[in-house]
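Engineer: File upload-v9.cif follows (mmCIF, C-alpha atoms and all ligand atoms):
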```cif
data_final
loop_
_atom_site.group_PDB
_atom_site.id
_atom_site.type_symbol
_atom_site.label_atom_id
_atom_site.label_comp_id
_atom_site.auth_asym_id
_atom_site.auth_seq_id
_atom_site.Cartn_x
_atom_site.Cartn_y
_atom_site.Cartn_z
ATOM 1 C CA MET A 24 105.754 104.761 109.612
ATOM 2 C CA GLY A 25 104.750 101.357 110.895
ATOM 3 C CA ARG A 26 106.135 99.522 107.915
ATOM 4 C CA VAL A 27 109.292 97.489 108.102
ATOM 5 C CA LYS A 28 110.791 96.935 104.677
ATOM 6 C CA GLY A 29 112.240 93.466 104.450
ATOM 7 C CA GLY A 30 111.078 89.908 104.920
ATOM 8 C CA LYS A 31 109.185 87.764 102.431
ATOM 9 C CA SER A 32 105.697 88.793 103.477
ATOM 10 C CA TRP A 33 106.423 92.492 102.880
ATOM 11 C CA TYR A 34 107.921 91.617 99.475
ATOM 12 C CA GLU A 35 104.947 89.431 98.495
ATOM 13 C CA ARG A 36 102.486 92.163 99.504
ATOM 14 C CA HIS A 37 104.515 94.790 97.666
ATOM 15 C CA LYS A 38 104.638 92.652 94.495
ATOM 16 C CA LYS A 39 100.863 92.216 94.517
ATOM 17 C CA ASP A 40 100.134 95.857 95.299
ATOM 18 C CA VAL A 41 97.839 96.945 92.452
ATOM 19 C CA TYR A 42 98.490 100.643 93.054
ATOM 20 C CA ARG A 43 102.240 100.126 92.886
ATOM 21 C CA ILE A 44 101.825 98.277 89.582
ATOM 22 C CA LYS A 45 99.455 100.946 88.259
ATOM 23 C CA ALA A 46 101.875 103.703 89.306
ATOM 24 C CA SER A 47 104.777 102.076 87.543
ATOM 25 C CA GLN A 48 102.703 101.362 84.397
ATOM 26 C CA SER A 49 101.514 104.977 84.284
ATOM 27 C CA GLY A 50 105.027 106.367 84.826
ATOM 28 C CA LEU A 51 104.023 108.027 88.115
ATOM 29 C CA ARG A 52 106.730 108.950 90.607
ATOM 30 C CA SER A 53 104.912 107.338 93.528
ATOM 31 C CA ARG A 54 101.883 105.238 94.390
ATOM 32 C CA SER A 55 101.018 108.028 96.865
ATOM 33 C CA THR A 56 99.707 109.986 93.878
ATOM 34 C CA PHE A 57 96.596 107.799 93.981
ATOM 35 C CA LYS A 58 95.977 108.752 97.608
ATOM 36 C CA LEU A 59 95.894 112.446 96.723
ATOM 37 C CA GLN A 60 93.735 111.792 93.645
ATOM 38 C CA GLN A 61 91.275 109.922 95.863
ATOM 39 C CA ILE A 62 91.266 112.758 98.412
ATOM 40 C CA GLN A 63 90.531 115.196 95.584
ATOM 41 C CA SER A 64 87.771 113.078 94.044
ATOM 42 C CA LYS A 65 86.052 112.798 97.434
ATOM 43 C CA PHE A 66 86.500 116.363 98.784
ATOM 44 C CA LYS A 67 87.126 118.556 95.672
ATOM 45 C CA LEU A 68 89.568 120.747 97.585
ATOM 46 C CA PHE A 69 91.935 121.909 94.823
ATOM 47 C CA SER A 70 90.874 124.374 92.166
ATOM 48 C CA LYS A 71 92.602 126.240 89.347
ATOM 49 C CA MET A 72 93.330 129.520 91.178
ATOM 50 C CA ASP A 73 94.795 127.932 94.312
ATOM 51 C CA ILE A 74 98.222 128.456 95.829
ATOM 52 C CA VAL A 75 99.384 125.195 97.430
ATOM 53 C CA VAL A 76 102.218 124.535 99.882
ATOM 54 C CA GLU A 77 103.229 120.876 99.839
ATOM 55 C CA LEU A 78 105.343 119.371 102.639
ATOM 56 C CA GLY A 79 107.298 116.152 102.134
ATOM 57 C CA VAL A 80 107.499 116.254 98.355
ATOM 58 C CA ALA A 81 110.013 113.515 97.410
ATOM 59 C CA PRO A 82 109.959 111.781 95.000
ATOM 60 C CA GLY A 83 107.333 114.169 93.596
ATOM 61 C CA GLY A 84 104.198 112.108 92.919
ATOM 62 C CA TRP A 85 101.832 114.586 94.607
ATOM 63 C CA SER A 86 103.617 117.570 93.044
ATOM 64 C CA ALA A 87 103.332 116.198 89.500
ATOM 65 C CA TYR A 88 99.587 115.796 90.089
ATOM 66 C CA LEU A 89 99.133 119.173 91.816
ATOM 67 C CA VAL A 90 100.833 121.312 89.155
ATOM 68 C CA ASP A 91 97.998 120.347 86.771
ATOM 69 C CA GLN A 92 95.266 121.122 89.315
ATOM 70 C CA VAL A 93 96.212 124.543 90.706
ATOM 71 C CA ARG A 94 97.877 127.889 89.913
ATOM 72 C CA CYS A 95 101.003 127.629 92.079
ATOM 73 C CA VAL A 96 102.739 124.806 93.959
ATOM 74 C CA VAL A 97 105.694 125.284 96.313
ATOM 75 C CA GLY A 98 107.102 122.452 98.368
ATOM 76 C CA CYS A 99 109.959 121.174 100.466
ATOM 77 C CA ASP A 100 111.629 117.927 101.445
ATOM 78 C CA LEU A 101 114.705 116.796 103.333
ATOM 79 C CA LEU A 102 115.670 114.877 100.185
ATOM 80 C CA PRO A 103 116.539 116.216 96.743
ATOM 81 C CA ILE A 104 114.101 115.517 93.890
ATOM 82 C CA GLU A 105 114.221 115.337 90.117
ATOM 83 C CA PRO A 106 112.687 118.680 89.069
ATOM 84 C CA VAL A 107 108.919 118.788 88.547
ATOM 85 C CA GLN A 108 107.937 121.377 85.948
ATOM 86 C CA GLY A 109 105.849 124.068 87.636
ATOM 87 C CA LEU A 110 106.945 123.220 91.189
ATOM 88 C CA SER A 111 109.076 125.658 93.218
ATOM 89 C CA PHE A 112 111.122 123.342 95.419
ATOM 90 C CA VAL A 113 113.145 124.027 98.569
ATOM 91 C CA GLN A 114 115.368 121.298 100.000
ATOM 92 C CA GLY A 115 115.457 121.338 103.791
ATOM 93 C CA ASP A 116 113.784 120.498 107.048
ATOM 94 C CA PHE A 117 110.255 121.887 107.205
ATOM 95 C CA THR A 118 110.495 122.403 110.981
ATOM 96 C CA ASP A 119 113.248 124.966 110.354
ATOM 97 C CA VAL A 120 111.594 128.408 110.491
ATOM 98 C CA SER A 121 113.841 129.757 107.705
ATOM 99 C CA ILE A 122 112.529 127.007 105.374
ATOM 100 C CA GLN A 123 108.951 127.911 106.327
ATOM 101 C CA LYS A 124 109.618 131.582 105.504
ATOM 102 C CA LYS A 125 111.150 130.612 102.126
ATOM 103 C CA LEU A 126 108.051 128.582 101.260
ATOM 104 C CA ILE A 127 105.757 131.491 102.063
ATOM 105 C CA ASP A 128 107.949 133.927 100.091
ATOM 106 C CA LEU A 129 107.899 131.612 97.070
ATOM 107 C CA ALA A 130 104.133 131.182 97.350
ATOM 108 C CA GLY A 131 103.794 134.951 96.850
ATOM 109 C CA GLY A 132 100.688 135.137 99.020
ATOM 110 C CA PRO A 133 98.747 133.213 101.636
ATOM 111 C CA PRO A 134 98.321 129.581 100.515
ATOM 112 C CA ASN A 135 94.774 128.274 100.027
ATOM 113 C CA ILE A 136 95.860 124.713 100.760
ATOM 114 C CA ILE A 137 98.668 123.265 102.857
ATOM 115 C CA CYS A 138 99.160 119.550 102.427
ATOM 116 C CA SER A 139 101.639 117.259 104.114
ATOM 117 C CA ASP A 140 102.564 113.683 103.313
ATOM 118 C CA MET A 141 105.542 113.863 105.690
ATOM 119 C CA ALA A 142 106.375 111.038 108.043
ATOM 120 C CA PRO A 143 109.434 110.861 110.275
ATOM 121 C CA ASN A 144 111.867 107.965 109.984
ATOM 122 C CA ILE A 145 110.762 105.133 112.218
ATOM 123 C CA THR A 146 112.910 103.883 115.057
ATOM 124 C CA GLY A 147 110.733 100.844 115.795
ATOM 125 C CA ILE A 148 110.083 102.139 119.318
ATOM 126 C CA ALA A 149 106.333 102.750 119.109
ATOM 127 C CA ILE A 150 106.049 105.387 121.810
ATOM 128 C CA ARG A 151 108.901 107.439 120.339
ATOM 129 C CA ASP A 152 107.631 107.068 116.759
ATOM 130 C CA GLU A 153 104.118 108.146 117.742
ATOM 131 C CA ALA A 154 105.455 111.198 119.592
ATOM 132 C CA GLN A 155 107.509 112.192 116.536
ATOM 133 C CA VAL A 156 104.500 111.953 114.219
ATOM 134 C CA ILE A 157 102.450 114.144 116.551
ATOM 135 C CA SER A 158 105.257 116.657 116.980
ATOM 136 C CA LEU A 159 105.904 116.920 113.205
ATOM 137 C CA ASN A 160 102.196 117.369 112.527
ATOM 138 C CA GLN A 161 101.865 119.921 115.320
ATOM 139 C CA SER A 162 104.532 121.975 113.471
ATOM 140 C CA VAL A 163 102.431 121.703 110.306
ATOM 141 C CA ILE A 164 99.333 122.818 112.215
ATOM 142 C CA ASP A 165 101.164 125.800 113.782
ATOM 143 C CA PHE A 166 102.460 126.808 110.334
ATOM 144 C CA THR A 167 98.968 126.385 108.875
ATOM 145 C CA LEU A 168 97.288 128.491 111.555
ATOM 146 C CA GLU A 169 99.837 131.231 110.945
ATOM 147 C CA TYR A 170 99.849 131.324 107.142
ATOM 148 C CA LEU A 171 96.847 129.545 105.578
ATOM 149 C CA ALA A 172 94.319 131.873 103.949
ATOM 150 C CA LYS A 173 90.868 132.227 105.528
ATOM 151 C CA ASN A 174 88.573 129.476 104.180
ATOM 152 C CA GLY A 175 91.675 127.508 103.153
ATOM 153 C CA HIS A 176 92.128 123.772 103.711
ATOM 154 C CA MET A 177 94.784 121.544 105.262
ATOM 155 C CA ILE A 178 95.617 117.887 104.588
ATOM 156 C CA ILE A 179 97.960 116.023 106.933
ATOM 157 C CA LYS A 180 99.054 112.424 107.213
ATOM 158 C CA LEU A 181 98.672 110.758 110.590
ATOM 159 C CA PHE A 182 98.991 107.288 112.083
ATOM 160 C CA GLU A 183 96.520 105.862 114.595
ATOM 161 C CA SER A 184 97.754 106.516 118.134
ATOM 162 C CA GLN A 185 96.503 107.944 121.438
ATOM 163 C CA GLY A 186 97.847 111.394 120.620
ATOM 164 C CA VAL A 187 95.785 111.939 117.466
ATOM 165 C CA HIS A 188 92.531 112.501 119.360
ATOM 166 C CA ALA A 189 93.791 115.617 121.154
ATOM 167 C CA LEU A 190 95.274 116.893 117.926
ATOM 168 C CA ILE A 191 91.933 116.461 116.107
ATOM 169 C CA ARG A 192 89.975 118.094 118.950
ATOM 170 C CA GLY A 193 92.359 121.063 118.848
ATOM 171 C CA LEU A 194 91.741 121.562 115.125
ATOM 172 C CA GLN A 195 87.965 121.486 115.403
ATOM 173 C CA LYS A 196 87.884 125.017 116.788
ATOM 174 C CA ASP A 197 89.936 126.420 113.880
ATOM 175 C CA PHE A 198 88.204 124.716 110.933
ATOM 176 C CA THR A 199 84.563 124.288 109.877
ATOM 177 C CA LYS A 200 85.003 120.535 109.441
ATOM 178 C CA VAL A 201 87.755 118.057 110.326
ATOM 179 C CA ILE A 202 87.405 114.671 108.669
ATOM 180 C CA ARG A 203 89.465 111.481 108.954
ATOM 181 C CA PHE A 204 89.892 109.777 105.591
ATOM 182 C CA LYS A 205 91.721 106.628 104.561
ATOM 183 C CA PRO A 206 92.009 106.502 100.765
ATOM 184 C CA ASP A 207 91.617 103.124 99.087
ATOM 185 C CA ALA A 208 95.246 103.440 97.920
ATOM 186 C CA SER A 209 96.443 103.531 101.535
ATOM 187 C CA ARG A 210 97.428 100.009 102.544
ATOM 188 C CA ALA A 211 94.853 98.376 104.810
ATOM 189 C CA VAL A 212 97.634 97.022 107.057
ATOM 190 C CA SER A 213 99.007 100.534 107.626
ATOM 191 C CA LYS A 214 97.804 102.708 110.532
ATOM 192 C CA GLU A 215 98.070 105.670 108.177
ATOM 193 C CA PHE A 216 95.153 107.980 107.484
ATOM 194 C CA TYR A 217 94.703 111.585 106.384
ATOM 195 C CA LEU A 218 93.096 114.407 108.252
ATOM 196 C CA ILE A 219 91.167 116.748 106.004
ATOM 197 C CA ALA A 220 90.585 120.101 107.702
ATOM 198 C CA ILE A 221 88.121 122.136 105.661
ATOM 199 C CA LYS A 222 87.620 125.939 105.687
ATOM 200 C CA LYS A 223 89.869 127.657 108.182
ATOM 201 C CA ASN A 224 87.928 130.180 110.291
HETATM 202 C C1 LIG B 1 105.810 109.448 101.862
HETATM 203 S S1 LIG B 1 107.063 110.535 101.345
HETATM 204 C C2 LIG B 1 106.176 111.688 100.350
HETATM 205 C C3 LIG B 1 105.728 111.117 99.031
HETATM 206 C C4 LIG B 1 105.140 112.189 98.125
HETATM 207 N N1 LIG B 1 103.845 112.639 98.612
HETATM 208 C C5 LIG B 1 104.959 111.676 96.721
HETATM 209 O O1 LIG B 1 103.829 111.509 96.270
HETATM 210 O O2 LIG B 1 105.963 111.463 96.054
HETATM 211 C C6 LIG B 1 107.392 111.460 102.798
HETATM 212 C C7 LIG B 1 108.490 112.490 102.632
HETATM 213 O O3 LIG B 1 108.496 113.337 103.782
HETATM 214 C C8 LIG B 1 109.821 113.824 103.916
HETATM 215 N N2 LIG B 1 110.011 114.420 105.240
HETATM 216 C C9 LIG B 1 109.916 113.805 106.454
HETATM 217 N N3 LIG B 1 110.198 114.679 107.434
HETATM 218 C C10 LIG B 1 110.447 115.886 106.841
HETATM 219 C C11 LIG B 1 110.807 117.188 107.325
HETATM 220 N N4 LIG B 1 110.963 117.427 108.635
HETATM 221 N N5 LIG B 1 110.980 118.181 106.432
HETATM 222 C C12 LIG B 1 110.831 117.952 105.104
HETATM 223 N N6 LIG B 1 110.513 116.743 104.580
HETATM 224 C C13 LIG B 1 110.320 115.719 105.437
HETATM 225 C C14 LIG B 1 110.673 112.589 103.671
HETATM 226 O O4 LIG B 1 111.990 112.947 103.316
HETATM 227 C C15 LIG B 1 109.896 111.891 102.544
HETATM 228 O O5 LIG B 1 110.463 112.184 101.293
#
```
Re-express the file's structure as structure tokens.
Ligand SMILES: C[S@@+](CC[C@H](N)C(=O)[O-])C[C@H]1O[C@@H](n2cnc3c(N)ncnc32)[C@H](O)[C@@H]1O
Structural biologist:
Amino acid sequence: MGRVKGGKSWYERHKKDVYRIKASQSGLRSRSTFKLQQIQSKFKLFSKMDIVVELGVAPGGWSAYLVDQVRCVVGCDLLPIEPVQGLSFVQGDFTDVSIQKKLIDLAGGPPNIICSDMAPNITGIAIRDEAQVISLNQSVIDFTLEYLAKNGHMIIKLFESQGVHALIRGLQKDFTKVIRFKPDASRAVSKEFYLIAIKKN
């Protein structure tokens, strides 16, 4: 959200993006992989016995990283993906309750971590885009409060807007710590940041 693809300045920035170059040199599916790696190196959330539900998987950069970090990864996306070995994938809209139930069935138990890199398509109308981000993330929070294991963690992607403050305040009563984090790999010009909610009560 907040990025309009097109125009010379976007192209010049994109060309010079060191993380994009590094991702393509390392054969990674997405530069977003670096964001998750940086979250993990700062917060050490994922460990070998974890069950992880990942929302907004395509093209699979986070998944390819996660399958080496944890015991079980299940995920969904509106878009199809090239298979990732070790990932159980469901194609569909996360906000659909039947997709949520499928994810939990595939996980085979309460997830220890729920992470979302989802962002709705932008319309360019700021007020509408901001409302959609909040609404999508509120669905992730509702799902998390219902299914995440006690002491589990949640990672969600947000964009700076008025609405995020209420959302953060709401989470503070359900988690031990709620931290805003902008990984180095997240473009400075983007309003994007991640909310790291640690240890569900
Ligand atoms: C930034 S991409 C994720 C990149 C991914 N983390 C990676 O490393 O490859 C965001 C994804 O969220 C997906 N998405 C957005 N809204 C969704 C929804 N309601 N249900 C499922 N997926 C959704 C989009 O289709 C898109 O593929």
Engineer: Given the PyMOL selection byres (((chain A and resi 224) around 6) and not hetatm) and the file above, list the residues it selects as a PyMOL selection string.
Structural biologist: chain A and resi 173+197-198+223
Engineer: Those same residues, written as an mmCIF file, in the frame of the given file with C-alpha atoms?
Structural biologist:
```cif
data_model
loop_
_atom_site.group_PDB
_atom_site.id
_atom_site.type_symbol
_atom_site.label_atom_id
_atom_site.label_comp_id
_atom_site.auth_asym_id
_atom_site.auth_seq_id
_atom_site.Cartn_x
_atom_site.Cartn_y
_atom_site.Cartn_z
ATOM 1 C CA LYS A 173 90.868 132.227 105.528
ATOM 2 C CA ASP A 197 89.936 126.420 113.880
ATOM 3 C CA PHE A 198 88.204 124.716 110.933
ATOM 4 C CA LYS A 223 89.869 127.657 108.182
#
```
Engineer: Can you sort out the box for ligand LIG 1 (chain B), edges along x, y and z, all listed atoms in, 6 Å on every side, with centre and edge lengths in Å to one decimal, as JSON?
Structural biologist:
```
{"center_x": 107.9, "center_y": 113.8, "center_z": 102.3, "size_x": 20.2, "size_y": 20.7, "size_z": 24.6}
```
Engineer: Given all atoms listed in the file as the basis, pick out the residue of A:Gly132, A:Pro106, A:Pro143, A:Gly50 nearest to ligand LIG 1 (chain B).
Structural biologist: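 Under the stated criterion, the closest residue is A:Pro143.
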Engineer: Which residue is closest to ligand LIG 1 (chain B)? Choose from A:Cys138, A:Leu101, A:Ile178, A:Ala130 and count only C-alpha atoms and all ligand atoms.
Structural biologist: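 Selected residue with least distance to ligand LIG 1 (chain B): A:Leu101.
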Engineer: Which residues are near ligand LIG 1 (chain B) - at most 7 Å, using all atoms listed in the file? Format: as a PyMOL selection string.
Structural biologist: chain A and resi 52-56+78-86+99-102+115-118+140-143+159
